[in-house]
Every structure is written in C-alpha cells, then in structure tokens.
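File shown: data10.pdb. Contents: PDB, C-alpha atoms and all ligand atoms.
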```
ATOM      1  CA  MET B   1      28.048  45.853  43.837  1.00  0.00           C
ATOM      2  CA  GLN B   2      24.980  47.424  42.281  1.00  0.00           C
ATOM      3  CA  GLN B   3      22.054  45.042  41.727  1.00  0.00           C
ATOM      4  CA  PRO B   4      20.494  45.079  38.246  1.00  0.00           C
ATOM      5  CA  SER B   5      17.132  46.829  38.114  1.00  0.00           C
ATOM      6  CA  ARG B   6      13.936  44.828  37.719  1.00  0.00           C
ATOM      7  CA  ALA B   7      13.776  45.906  34.046  1.00  0.00           C
ATOM      8  CA  SER B   8      17.343  44.935  33.312  1.00  0.00           C
ATOM      9  CA  ARG B   9      16.885  41.618  35.129  1.00  0.00           C
ATOM     10  CA  ARG B  10      13.945  40.957  32.835  1.00  0.00           C
ATOM     11  CA  THR B  11      16.081  41.844  29.858  1.00  0.00           C
ATOM     12  CA  LEU B  12      18.756  39.469  31.098  1.00  0.00           C
ATOM     13  CA  LEU B  13      16.193  36.713  31.552  1.00  0.00           C
ATOM     14  CA  VAL B  14      14.652  37.256  28.129  1.00  0.00           C
ATOM     15  CA  GLY B  15      18.096  37.315  26.610  1.00  0.00           C
ATOM     16  CA  THR B  16      19.000  34.054  28.336  1.00  0.00           C
ATOM     17  CA  VAL B  17      15.791  32.345  27.222  1.00  0.00           C
ATOM     18  CA  ALA B  18      16.277  33.625  23.699  1.00  0.00           C
ATOM     19  CA  SER B  19      19.824  32.333  23.590  1.00  0.00           C
ATOM     20  CA  VAL B  20      18.750  28.930  24.949  1.00  0.00           C
ATOM     21  CA  VAL B  21      15.976  28.731  22.373  1.00  0.00           C
ATOM     22  CA  GLY B  22      18.478  29.848  19.776  1.00  0.00           C
ATOM     23  CA  CYS B  23      20.770  26.987  20.770  1.00  0.00           C
ATOM     24  CA  VAL B  24      17.956  24.438  20.515  1.00  0.00           C
ATOM     25  CA  CYS B  25      16.973  25.761  17.094  1.00  0.00           C
ATOM     26  CA  ALA B  26      20.558  25.686  15.936  1.00  0.00           C
ATOM     27  CA  LEU B  27      20.935  22.106  17.106  1.00  0.00           C
ATOM     28  CA  ALA B  28      17.646  21.141  15.472  1.00  0.00           C
ATOM     29  CA  THR B  29      18.576  22.688  12.160  1.00  0.00           C
ATOM     30  CA  ARG B  30      22.087  21.237  12.219  1.00  0.00           C
ATOM     31  CA  ARG B  31      20.686  17.727  12.547  1.00  0.00           C
ATOM     32  CA  PRO B  32      20.803  16.159   9.081  1.00  0.00           C
ATOM     33  CA  PRO B  33      17.425  15.069   7.729  1.00  0.00           C
ATOM     34  CA  ALA B  34      16.858  11.336   7.839  1.00  0.00           C
ATOM     35  CA  VAL B  35      16.840   9.633   4.480  1.00  0.00           C
ATOM     36  CA  GLY B  36      13.254   9.266   3.378  1.00  0.00           C
ATOM     37  CA  PHE B  37      11.910  10.705   6.601  1.00  0.00           C
ATOM     38  CA  ALA B  38      12.692  14.387   6.092  1.00  0.00           C
ATOM     39  CA  ALA B  39       9.037  15.382   6.023  1.00  0.00           C
ATOM     40  CA  ALA B  40       8.036  13.286   9.002  1.00  0.00           C
ATOM     41  CA  ALA B  41       7.926  14.813  12.460  1.00  0.00           C
ATOM     42  CA  PRO B  42       9.706  12.846  15.184  1.00  0.00           C
ATOM     43  CA  ILE B  43       7.343  10.455  16.859  1.00  0.00           C
ATOM     44  CA  PRO B  44       6.842  11.003  20.599  1.00  0.00           C
ATOM     45  CA  ILE B  45       8.224   8.212  22.735  1.00  0.00           C
ATOM     46  CA  GLU B  46       5.421   6.169  24.205  1.00  0.00           C
ATOM     47  CA  ARG B  47       5.221   5.169  27.870  1.00  0.00           C
ATOM     48  CA  GLY B  48       7.032   1.957  28.576  1.00  0.00           C
ATOM     49  CA  ALA B  49       9.062   2.200  25.414  1.00  0.00           C
ATOM     50  CA  THR B  50      12.692   2.719  24.594  1.00  0.00           C
ATOM     51  CA  VAL B  51      14.636   3.695  21.548  1.00  0.00           C
ATOM     52  CA  GLY B  52      18.051   4.204  23.043  1.00  0.00           C
ATOM     53  CA  ALA B  53      19.286   0.736  23.834  1.00  0.00           C
ATOM     54  CA  PRO B  54      18.817  -0.999  20.506  1.00  0.00           C
ATOM     55  CA  ALA B  55      19.800   2.073  18.525  1.00  0.00           C
ATOM     56  CA  ARG B  56      22.975   2.576  20.546  1.00  0.00           C
ATOM     57  CA  ARG B  57      23.828  -1.086  20.352  1.00  0.00           C
ATOM     58  CA  LEU B  58      23.589  -0.885  16.593  1.00  0.00           C
ATOM     59  CA  GLY B  59      25.579   2.332  16.467  1.00  0.00           C
ATOM     60  CA  LEU B  60      22.723   4.286  14.931  1.00  0.00           C
ATOM     61  CA  VAL B  61      20.905   6.867  16.961  1.00  0.00           C
ATOM     62  CA  ALA B  62      20.111   9.713  14.563  1.00  0.00           C
ATOM     63  CA  ASP B  63      16.752   8.356  13.478  1.00  0.00           C
ATOM     64  CA  ALA B  64      15.802   6.417  16.590  1.00  0.00           C
ATOM     65  CA  GLY B  65      12.136   6.644  17.388  1.00  0.00           C
ATOM     66  CA  ARG B  66      11.060   7.535  13.889  1.00  0.00           C
ATOM     67  CA  ILE B  67       8.695   4.597  13.524  1.00  0.00           C
ATOM     68  CA  MET B  68       6.054   3.438  15.969  1.00  0.00           C
ATOM     69  CA  PHE B  69       6.123  -0.230  16.900  1.00  0.00           C
ATOM     70  CA  PRO B  70       4.086  -2.159  14.313  1.00  0.00           C
ATOM     71  CA  MET B  71       2.593  -4.772  16.623  1.00  0.00           C
ATOM     72  CA  GLY B  72       0.842  -5.092  19.978  1.00  0.00           C
ATOM     73  CA  PRO B  73       3.632  -6.348  22.284  1.00  0.00           C
ATOM     74  CA  SER B  74       1.549  -8.651  24.474  1.00  0.00           C
ATOM     75  CA  PRO B  75       1.611 -11.530  25.219  1.00  0.00           C
ATOM     76  CA  ARG B  76       4.809 -12.167  23.242  1.00  0.00           C
ATOM     77  CA  CYS B  77       7.316  -9.832  21.609  1.00  0.00           C
ATOM     78  CA  ASP B  78      10.701 -11.305  20.741  1.00  0.00           C
ATOM     79  CA  ILE B  79      12.430  -9.335  18.010  1.00  0.00           C
ATOM     80  CA  LEU B  80      15.010 -11.069  15.858  1.00  0.00           C
ATOM     81  CA  ASP B  81      17.813  -8.755  14.757  1.00  0.00           C
ATOM     82  CA  ASN B  82      17.898 -10.460  11.377  1.00  0.00           C
ATOM     83  CA  PHE B  83      17.776  -7.789   8.700  1.00  0.00           C
ATOM     84  CA  GLY B  84      20.091  -8.744   5.836  1.00  0.00           C
ATOM     85  CA  ASP B  85      20.401 -12.415   6.791  1.00  0.00           C
ATOM     86  CA  LEU B  86      20.859 -14.775   3.876  1.00  0.00           C
ATOM     87  CA  ARG B  87      17.810 -16.676   2.693  1.00  0.00           C
ATOM     88  CA  SER B  88      17.254 -19.457   0.147  1.00  0.00           C
ATOM     89  CA  GLY B  89      17.995 -18.613  -3.477  1.00  0.00           C
ATOM     90  CA  GLY B  90      20.524 -15.963  -2.509  1.00  0.00           C
ATOM     91  CA  ARG B  91      17.827 -13.643  -1.187  1.00  0.00           C
ATOM     92  CA  ARG B  92      18.487 -11.334   1.709  1.00  0.00           C
ATOM     93  CA  HIS B  93      16.027 -10.928   4.534  1.00  0.00           C
ATOM     94  CA  GLU B  94      14.639  -7.471   3.887  1.00  0.00           C
ATOM     95  CA  GLY B  95      13.000  -6.855   7.243  1.00  0.00           C
ATOM     96  CA  VAL B  96      12.934  -7.914  10.854  1.00  0.00           C
ATOM     97  CA  ASP B  97      10.857 -10.707  12.342  1.00  0.00           C
ATOM     98  CA  ILE B  98       8.921 -10.150  15.543  1.00  0.00           C
ATOM     99  CA  LEU B  99       7.986 -13.428  17.202  1.00  0.00           C
ATOM    100  CA  ALA B 100       4.513 -13.317  18.698  1.00  0.00           C
ATOM    101  CA  THR B 101       1.413 -15.392  19.305  1.00  0.00           C
ATOM    102  CA  LEU B 102      -1.494 -15.974  16.971  1.00  0.00           C
ATOM    103  CA  GLY B 103      -3.752 -12.951  16.627  1.00  0.00           C
ATOM    104  CA  GLN B 104      -1.662 -10.151  18.176  1.00  0.00           C
ATOM    105  CA  GLU B 105      -2.639  -6.838  16.613  1.00  0.00           C
ATOM    106  CA  VAL B 106      -0.665  -5.325  13.741  1.00  0.00           C
ATOM    107  CA  TYR B 107      -0.719  -1.539  13.284  1.00  0.00           C
ATOM    108  CA  ALA B 108      -0.337   1.008  10.537  1.00  0.00           C
ATOM    109  CA  VAL B 109       2.832   2.813  11.630  1.00  0.00           C
ATOM    110  CA  ALA B 110       1.965   5.965   9.686  1.00  0.00           C
ATOM    111  CA  ASP B 111      -0.951   7.644   7.999  1.00  0.00           C
ATOM    112  CA  GLY B 112      -1.056   6.275   4.485  1.00  0.00           C
ATOM    113  CA  VAL B 113      -2.680   4.131   1.838  1.00  0.00           C
ATOM    114  CA  LEU B 114      -2.807   0.340   1.557  1.00  0.00           C
ATOM    115  CA  VAL B 115      -1.243  -0.028  -1.874  1.00  0.00           C
ATOM    116  CA  ASN B 116      -0.433  -3.722  -1.941  1.00  0.00           C
ATOM    117  CA  GLN B 117      -2.179  -6.834  -0.664  1.00  0.00           C
ATOM    118  CA  ALA B 118      -1.265 -10.502  -0.887  1.00  0.00           C
ATOM    119  CA  ASP B 119      -3.414 -13.372   0.264  1.00  0.00           C
ATOM    120  CA  ALA B 120      -2.525 -16.603   2.022  1.00  0.00           C
ATOM    121  CA  SER B 121      -1.697 -18.291  -1.293  1.00  0.00           C
ATOM    122  CA  ALA B 122       1.402 -16.096  -1.667  1.00  0.00           C
ATOM    123  CA  SER B 123       4.124 -18.637  -0.986  1.00  0.00           C
ATOM    124  CA  LEU B 124       6.584 -16.313   0.759  1.00  0.00           C
ATOM    125  CA  SER B 125       4.588 -13.526   2.358  1.00  0.00           C
ATOM    126  CA  GLY B 126       1.220 -15.153   2.931  1.00  0.00           C
ATOM    127  CA  ASN B 127      -1.386 -12.584   3.923  1.00  0.00           C
ATOM    128  CA  ALA B 128       0.378  -9.257   3.611  1.00  0.00           C
ATOM    129  CA  TRP B 129      -0.202  -5.531   3.417  1.00  0.00           C
ATOM    130  CA  GLY B 130       1.926  -2.888   1.744  1.00  0.00           C
ATOM    131  CA  LEU B 131       1.400   0.611   3.123  1.00  0.00           C
ATOM    132  CA  THR B 132       2.699   3.806   1.541  1.00  0.00           C
ATOM    133  CA  ALA B 133       2.965   6.718   3.961  1.00  0.00           C
ATOM    134  CA  GLY B 134       2.470  10.370   3.125  1.00  0.00           C
ATOM    135  CA  ASP B 135       6.222  10.941   2.713  1.00  0.00           C
ATOM    136  CA  GLY B 136       6.513   8.038   0.265  1.00  0.00           C
ATOM    137  CA  THR B 137       7.987   5.514   2.693  1.00  0.00           C
ATOM    138  CA  TYR B 138       6.709   1.991   2.011  1.00  0.00           C
ATOM    139  CA  PHE B 139       6.059  -0.457   4.846  1.00  0.00           C
ATOM    140  CA  PHE B 140       5.438  -4.157   4.286  1.00  0.00           C
ATOM    141  CA  TYR B 141       3.767  -6.537   6.765  1.00  0.00           C
ATOM    142  CA  ALA B 142       3.778 -10.283   6.089  1.00  0.00           C
ATOM    143  CA  HIS B 143       2.499 -13.616   7.458  1.00  0.00           C
ATOM    144  CA  LEU B 144      -0.764 -12.212   8.860  1.00  0.00           C
ATOM    145  CA  SER B 145      -3.417 -14.639  10.056  1.00  0.00           C
ATOM    146  CA  ALA B 146      -6.142 -12.217   8.985  1.00  0.00           C
ATOM    147  CA  PHE B 147      -6.747  -8.697   7.771  1.00  0.00           C
ATOM    148  CA  ALA B 148      -8.665  -6.216   9.909  1.00  0.00           C
ATOM    149  CA  ALA B 149     -12.368  -6.426   9.119  1.00  0.00           C
ATOM    150  CA  GLY B 150     -13.569  -4.025   6.448  1.00  0.00           C
ATOM    151  CA  LEU B 151     -10.160  -2.988   5.134  1.00  0.00           C
ATOM    152  CA  GLU B 152      -9.586  -3.175   1.398  1.00  0.00           C
ATOM    153  CA  LEU B 153      -6.751  -2.496  -0.997  1.00  0.00           C
ATOM    154  CA  GLY B 154      -6.625   1.253  -1.674  1.00  0.00           C
ATOM    155  CA  ASP B 155      -8.051   2.239   1.706  1.00  0.00           C
ATOM    156  CA  THR B 156      -6.562   5.111   3.661  1.00  0.00           C
ATOM    157  CA  VAL B 157      -5.432   4.191   7.162  1.00  0.00           C
ATOM    158  CA  SER B 158      -4.304   6.181  10.177  1.00  0.00           C
ATOM    159  CA  ARG B 159      -1.215   5.743  12.297  1.00  0.00           C
ATOM    160  CA  GLY B 160      -2.024   3.276  15.072  1.00  0.00           C
ATOM    161  CA  GLN B 161      -4.986   1.703  13.272  1.00  0.00           C
ATOM    162  CA  VAL B 162      -5.243  -2.088  13.430  1.00  0.00           C
ATOM    163  CA  ILE B 163      -4.724  -3.437   9.909  1.00  0.00           C
ATOM    164  CA  GLY B 164      -4.336  -7.140  10.659  1.00  0.00           C
ATOM    165  CA  TYR B 165      -3.321  -9.883  13.054  1.00  0.00           C
ATOM    166  CA  VAL B 166      -0.156 -11.937  13.513  1.00  0.00           C
ATOM    167  CA  GLY B 167      -0.143 -15.375  11.929  1.00  0.00           C
ATOM    168  CA  ASP B 168       1.988 -17.979  10.185  1.00  0.00           C
ATOM    169  CA  THR B 169       0.784 -17.714   6.565  1.00  0.00           C
ATOM    170  CA  GLY B 170       3.365 -17.903   3.778  1.00  0.00           C
ATOM    171  CA  ASN B 171       6.712 -19.571   4.396  1.00  0.00           C
ATOM    172  CA  PRO B 172       7.208 -19.469   8.210  1.00  0.00           C
ATOM    173  CA  GLY B 173       5.833 -22.956   8.811  1.00  0.00           C
ATOM    174  CA  PRO B 174       2.894 -23.942  10.984  1.00  0.00           C
ATOM    175  CA  GLY B 175       2.912 -22.353  14.420  1.00  0.00           C
ATOM    176  CA  ASN B 176       5.884 -20.061  13.747  1.00  0.00           C
ATOM    177  CA  TYR B 177       3.786 -16.991  14.460  1.00  0.00           C
ATOM    178  CA  HIS B 178       5.567 -13.746  13.716  1.00  0.00           C
ATOM    179  CA  LEU B 179       5.288 -10.418  11.982  1.00  0.00           C
ATOM    180  CA  HIS B 180       7.730  -9.771   9.170  1.00  0.00           C
ATOM    181  CA  PHE B 181       8.133  -5.987   8.853  1.00  0.00           C
ATOM    182  CA  GLU B 182       9.984  -4.037   6.151  1.00  0.00           C
ATOM    183  CA  VAL B 183      10.766  -0.345   5.641  1.00  0.00           C
ATOM    184  CA  HIS B 184      11.597   1.122   2.227  1.00  0.00           C
ATOM    185  CA  PRO B 185      12.259   4.870   2.633  1.00  0.00           C
ATOM    186  CA  GLY B 186      12.350   5.519  -1.118  1.00  0.00           C
ATOM    187  CA  GLY B 187       9.117   3.689  -1.906  1.00  0.00           C
ATOM    188  CA  GLN B 188       8.029   0.161  -2.755  1.00  0.00           C
ATOM    189  CA  ARG B 189      10.689  -0.508  -5.386  1.00  0.00           C
ATOM    190  CA  ALA B 190      13.517   1.134  -3.456  1.00  0.00           C
ATOM    191  CA  PRO B 191      15.891  -0.828  -1.204  1.00  0.00           C
ATOM    192  CA  ALA B 192      14.827  -1.806   2.274  1.00  0.00           C
ATOM    193  CA  ILE B 193      16.638  -0.549   5.345  1.00  0.00           C
ATOM    194  CA  ASP B 194      16.992  -2.137   8.764  1.00  0.00           C
ATOM    195  CA  PRO B 195      13.901  -1.067  10.731  1.00  0.00           C
ATOM    196  CA  LEU B 196      15.280  -2.024  14.135  1.00  0.00           C
ATOM    197  CA  PRO B 197      17.279   1.108  14.967  1.00  0.00           C
ATOM    198  CA  LEU B 198      14.315   3.282  13.961  1.00  0.00           C
ATOM    199  CA  LEU B 199      11.587   1.605  15.962  1.00  0.00           C
ATOM    200  CA  VAL B 200      10.118   2.726  19.238  1.00  0.00           C
ATOM    201  CA  ILE B 201      10.405  -0.586  21.054  1.00  0.00           C
ATOM    202  CA  PRO B 202       8.139  -1.454  24.004  1.00  0.00           C
ATOM    203  CA  ASN B 203      10.165  -2.352  27.083  1.00  0.00           C
ATOM    204  CA  SER B 204       8.486  -5.743  27.291  1.00  0.00           C
ATOM    205  CA  CYS B 205      10.054  -6.830  23.994  1.00  0.00           C
ATOM    206  CA  SER B 206      13.333  -8.705  23.768  1.00  0.00           C
ATOM    207  CA  ILE B 207      15.895  -8.360  20.982  1.00  0.00           C
ATOM    208  CA  THR B 208      18.158 -11.222  19.959  1.00  0.00           C
TER     209      THR B 208
HETATM  210 ZN    ZN R 301      10.976 -12.273   7.921  1.00  0.00          ZN
END
```
Hey, can you dump this file as structure tokens for me?
Ligand SMILES: [Zn+2]
Amino acid sequence: MQQPSRASRRTLLVGTVASVVGCVCALATRRPPAVGFAAAAPIPIERGATVGAPARRLGLVADAGRIMFPMGPSPRCDILDNFGDLRSGGRRHEGVDILATLGQEVYAVADGVLVNQADASASLSGNAWGLTAGDGTYFFYAHLSAFAAGLELGDTVSRGQVIGYVGDTGNPGPGNYHLHFEVHPGGQRAPAIDPLPLLVIPNSCSIT
C-alpha cells in the first residue's frame, strides 16, 4: 500500500488535531453555564485537593471546583454537610460549617469588595464579612475571632487574601470554633445555595 507523503501526513495530523480541538470546544460550549457563575473561569484544582468525591456523593458535579476553599485546612478541617438543616425559629442553615481551631486563616474566595461587616455583638453571626465578587456572587463568613489587620468595610480584596481568622463569636458557644460559609449566586438578598459541591476541598479535610 502506498505510504502518505510527508505533506499529506502533516495534513492528516493537522486535521486530527483540529478535530480534537473542535471536539473539546464543542464539549466546552455544550456545557451549560453555572447559575451565577457564568462569568467566572473554572478555578484550577490545587495540589492536595479534590472536588470529585464530595460532588459525586452529592450527585452534583457540573460546578465542582468553582470556589476555592475558604479556610486554611490545618490543623483542623472537619466539614459538616449541614446546608439546609433546621435551626431555631424555623430558620434554615444557609451555609456549611467547617470545624477548625482558633485562629485558622479565612480567605477571600474571589476578587471582590467587602460589602458587609458585623462585629462580635451580632448575636447570630458574631464577627462576619460579606464579600461580593465581580460576577455578583455574595459570600458570607461568620463567627470570626478577628478580622485581618487593616481591612475595612468597602475594601477591595483579592482571591486568596486573608480576611480574618476562625473563632467562636456569635451563637456557636464558647470553644465551638468554626467557619460558617455561605454562597449566594444572585447577590446578598438572593437565596443561598449549598457550597459543598462547589468547593475545592483539601484532602486533609473530612466531610460528615
Ligand atoms: Zn453555620
């Protein structure tokens, strides 16, 4: 059988690459945009992190890895899968709780603006930040022991920046150190969604 010439082999190769790229593009464009995250680029998976297990367990994989983990995972990181749980007064738990130790770092999960701040006298949240990202998504962090030095309401923050430290202010009770974390894709006054399937979760964290 006649071998293809060098030129035609190149054509074949280019054609193959083009069709592979075409397939990837087609897949990428077929993927429906995530609610409230359409403008956000997927976040690269960090070393020692996973998004698959919790997302698969919860039956939601489309948006896995959209949100960086909001807290330094060491020395303790025990995530409670408790979004939507009933609370006193008929309230629903609008976030997830990440059990930790006093003073673990809390991060801005996106570039944005600190649009809301509560202090330790707030009976439910205690010290808390509200952060609105560039795409309008609102993130809420509660029960902080302290705010990062120098940060003020209205400041612009960058993804990964330390904005505070884990504590037990508000209603957790003394010594119940954890970060309460909420995600509202439509903005501060829009409903919260379960953050857990979206988070990039460090492998050292547990989920119960
Ligand atoms: Zn909570």
Distance filter 6 Å around ligand ZN 301 (chain R), atoms: only C-alpha atoms and all ligand atoms, out as a count of residues only: 4
Given the PyMOL selection byres (((chain B and resi 193) around 6) and not hetatm), the residues it picks as JSON, numbers by chain: {"B": [183, 192, 194]}
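As for atom CA of Gly103 of chain B and atom CA of Thr156 of chain B, they are spaced 22.4 Å apart.
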Pick from B:Asn127, B:Ser74, B:Thr132, B:Thr101, whichever lies nearest to Pro202 of chain B using all atoms listed in the file: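 For Pro202 of chain B, the nearest of the candidates is B:Ser74.
Considering the residues B:Gly187, B:Leu179, B:Gly167, B:Asp111 and counting all atoms listed in the file, Ile79 of chain B has its shortest atom-to-atom contact with B:Leu179.
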Minimum-distance residue to Gly130 of chain B, chosen among B:Arg189, B:His178, B:Arg91, B:Arg76 (using all atoms listed in the file):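 Between B:Arg189, B:His178, B:Arg91, B:Arg76, the residue approaching Gly130 of chain B most closely is B:Arg189.
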Option closest in space to Ile67 of chain B, from B:Thr169, B:Thr137, B:Ser145, B:Ser123 [counting only C-alpha atoms]: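 Among B:Thr169, B:Thr137, B:Ser145, B:Ser123, it is B:Thr137 that comes nearest to Ile67 of chain B.
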Contact residues around Asn171 of chain B with only C-alpha atoms at 9 Å, ignoring same-chain residues under 3 positions, as number ranges by chain: B: 122-126, 143, 168, 174
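The gap separating atom CA of Asn116 of chain B from atom CA of Ala128 of chain B is 7.9 Å, in Å to one decimal.
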For Leu151 of chain B: contacts at 10 Å, only C-alpha atoms, fewer than 3 positions along chain excluded, given as a list in words: Leu114, Phe147, Ala148, Gly154, Asp155, Thr156, Val157, Val162, Ile163 and Gly164 of chain B
Counting only C-alpha atoms, the option among B:Asp119, B:Asp81, B:Glu152, B:Glu182 closest to Gly170 of chain B: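 The answer is B:Asp119, which sits nearest to Gly170 of chain B.
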Coordinates-based distance that separates atom CA of Ser206 of chain B from atom CA of Gln117 of chain B (Å, one decimal): 29.0 Å
Selection under test: the PyMOL selection byres (((chain B and resi 110) around 7) and not hetatm); residues as a ChimeraX atom specification: /B:108-109,111-112,133,158-159
6 Å contact set for Tyr165 of chain B, only C-alpha atoms, chain neighbours under 6 positions out, as a ChimeraX atom specification: /B:103-106,144-146
Which of B:Leu86, B:Leu102, B:Val113, B:Ala149 sits closest to Met71 of chain B [using only C-alpha atoms]: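 Smallest distance to Met71 of chain B is found for B:Leu102.
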Could you list as an mmCIF file with C-alpha atoms, in the frame of the given file every residue that has an atom within 12 Å of (17.6, -11.3, 18.5), using the file's coordinates and counting all atoms listed in the file?
```cif
data_model
loop_
_atom_site.group_PDB
_atom_site.id
_atom_site.type_symbol
_atom_site.label_atom_id
_atom_site.label_comp_id
_atom_site.auth_asym_id
_atom_site.auth_seq_id
_atom_site.Cartn_x
_atom_site.Cartn_y
_atom_site.Cartn_z
ATOM 1 C CA PRO B 54 18.817 -0.999 20.506
ATOM 2 C CA CYS B 77 7.316 -9.832 21.609
ATOM 3 C CA ASP B 78 10.701 -11.305 20.741
ATOM 4 C CA ILE B 79 12.430 -9.335 18.010
ATOM 5 C CA LEU B 80 15.010 -11.069 15.858
ATOM 6 C CA ASP B 81 17.813 -8.755 14.757
ATOM 7 C CA ASN B 82 17.898 -10.460 11.377
ATOM 8 C CA PHE B 83 17.776 -7.789 8.700
ATOM 9 C CA VAL B 96 12.934 -7.914 10.854
ATOM 10 C CA ASP B 97 10.857 -10.707 12.342
ATOM 11 C CA ILE B 98 8.921 -10.150 15.543
ATOM 12 C CA LEU B 99 7.986 -13.428 17.202
ATOM 13 C CA LEU B 196 15.280 -2.024 14.135
ATOM 14 C CA CYS B 205 10.054 -6.830 23.994
ATOM 15 C CA SER B 206 13.333 -8.705 23.768
ATOM 16 C CA ILE B 207 15.895 -8.360 20.982
ATOM 17 C CA THR B 208 18.158 -11.222 19.959
#
```
Need the axis-aligned box for segment 139-152 of chain B with 6 Å each side, so what are the centre and edges in Å to one decimal, as AutoDock Vina command-line options?
```
--center_x -3.8 --center_y -7.5 --center_z 5.7 --size_x 31.6 --size_y 26.2 --size_z 20.7
```
